[in-house]
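Everything below concerns the one structure shown next.
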Amino acid sequence: MKFCMKCGAFYEDKDGTGCPKCAENARLRAAAEAAEINHQMDAESARRARRRAWIELIIGVPAFIGVIYLIVYLIRLIRGA
Ligand SMILES: [Zn+2]
């Protein structure tokens, strides 16, 4: 029987991995941190996607209108000539 100085638990150190309670706590904390990082990345990528959509809209709409005007201009030019 061993005693963990960190969490104060008694445990059987069968395979020499140390306190199973602290190992479980560390695993849960690591999982929580990974989930937190993933969540932040998701929020960041969502924000980027939204910004990209806006940029595409801002550039795309005038470009589309410009192309239509160009076509109309070319048609008038061809008919006029
Ligand atoms: Zn412990």
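Chain labels follow the order of the structure tokens: the first chain is A, the next B, and so on; residue numbering restarts at 1 in every chain, and ligands are counted from 1 in their shown order.
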
Practice problem: Taking only C-alpha atoms and all ligand atoms into account, report as a ChimeraX atom specification which residues have an atom no farther than 8 Å from an atom of ligand 1. | Solution: /A:3-9,18-23

Same residues, N, CA and C atoms, saved as a PDB file, in the first residue's frame:
```
ATOM      1  N   PHE A   3       1.021   5.667  -0.267  1.00  0.00           N
ATOM      2  CA  PHE A   3       0.249   6.866   0.064  1.00  0.00           C
ATOM      3  C   PHE A   3       0.641   7.992  -0.891  1.00  0.00           C
ATOM      4  N   CYS A   4      -0.335   8.628  -1.537  1.00  0.00           N
ATOM      5  CA  CYS A   4      -0.062   9.734  -2.463  1.00  0.00           C
ATOM      6  C   CYS A   4       0.053  11.030  -1.683  1.00  0.00           C
ATOM      7  N   MET A   5       1.169  11.707  -1.859  1.00  0.00           N
ATOM      8  CA  MET A   5       1.411  12.968  -1.150  1.00  0.00           C
ATOM      9  C   MET A   5       0.589  14.110  -1.754  1.00  0.00           C
ATOM     10  N   LYS A   6       0.187  13.952  -3.001  1.00  0.00           N
ATOM     11  CA  LYS A   6      -0.534  15.035  -3.692  1.00  0.00           C
ATOM     12  C   LYS A   6      -2.009  15.074  -3.312  1.00  0.00           C
ATOM     13  N   CYS A   7      -2.681  13.917  -3.437  1.00  0.00           N
ATOM     14  CA  CYS A   7      -4.120  13.906  -3.183  1.00  0.00           C
ATOM     15  C   CYS A   7      -4.473  13.193  -1.882  1.00  0.00           C
ATOM     16  N   GLY A   8      -3.499  12.596  -1.227  1.00  0.00           N
ATOM     17  CA  GLY A   8      -3.752  11.970   0.073  1.00  0.00           C
ATOM     18  C   GLY A   8      -4.485  10.650  -0.006  1.00  0.00           C
ATOM     19  N   ALA A   9      -4.366   9.968  -1.160  1.00  0.00           N
ATOM     20  CA  ALA A   9      -5.069   8.697  -1.331  1.00  0.00           C
ATOM     21  C   ALA A   9      -4.103   7.533  -1.137  1.00  0.00           C
ATOM     22  N   GLY A  18       2.326   4.944 -10.410  1.00  0.00           N
ATOM     23  CA  GLY A  18       2.022   6.002  -9.453  1.00  0.00           C
ATOM     24  C   GLY A  18       0.560   6.010  -9.055  1.00  0.00           C
ATOM     25  N   CYS A  19       0.138   7.135  -8.501  1.00  0.00           N
ATOM     26  CA  CYS A  19      -1.219   7.257  -7.966  1.00  0.00           C
ATOM     27  C   CYS A  19      -2.257   7.225  -9.086  1.00  0.00           C
ATOM     28  N   PRO A  20      -3.179   6.273  -9.075  1.00  0.00           N
ATOM     29  CA  PRO A  20      -4.197   6.207 -10.137  1.00  0.00           C
ATOM     30  C   PRO A  20      -5.182   7.370 -10.077  1.00  0.00           C
ATOM     31  N   LYS A  21      -5.402   7.879  -8.865  1.00  0.00           N
ATOM     32  CA  LYS A  21      -6.336   9.005  -8.702  1.00  0.00           C
ATOM     33  C   LYS A  21      -5.757  10.276  -9.359  1.00  0.00           C
ATOM     34  N   CYS A  22      -4.460  10.527  -9.111  1.00  0.00           N
ATOM     35  CA  CYS A  22      -3.802  11.689  -9.722  1.00  0.00           C
ATOM     36  C   CYS A  22      -3.687  11.506 -11.233  1.00  0.00           C
ATOM     37  N   ALA A  23      -3.431  10.265 -11.669  1.00  0.00           N
ATOM     38  CA  ALA A  23      -3.331   9.984 -13.103  1.00  0.00           C
ATOM     39  C   ALA A  23      -4.663  10.261 -13.782  1.00  0.00           C
TER      40      ALA A  23
END
```

Quiz prompt | For CA of Leu77 in chain A and CA of Ile59 in chain A, the interatomic separation in Å (one decimal) | solution = 26.5 Å

Exercise. Mind giving me the straight-line distance from CA of Ala30 in chain A to CA of Met1 in chain A in Å, one decimal?
Key: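 One can read the CA of Ala30 in chain A to CA of Met1 in chain A distance as 27.2 Å.
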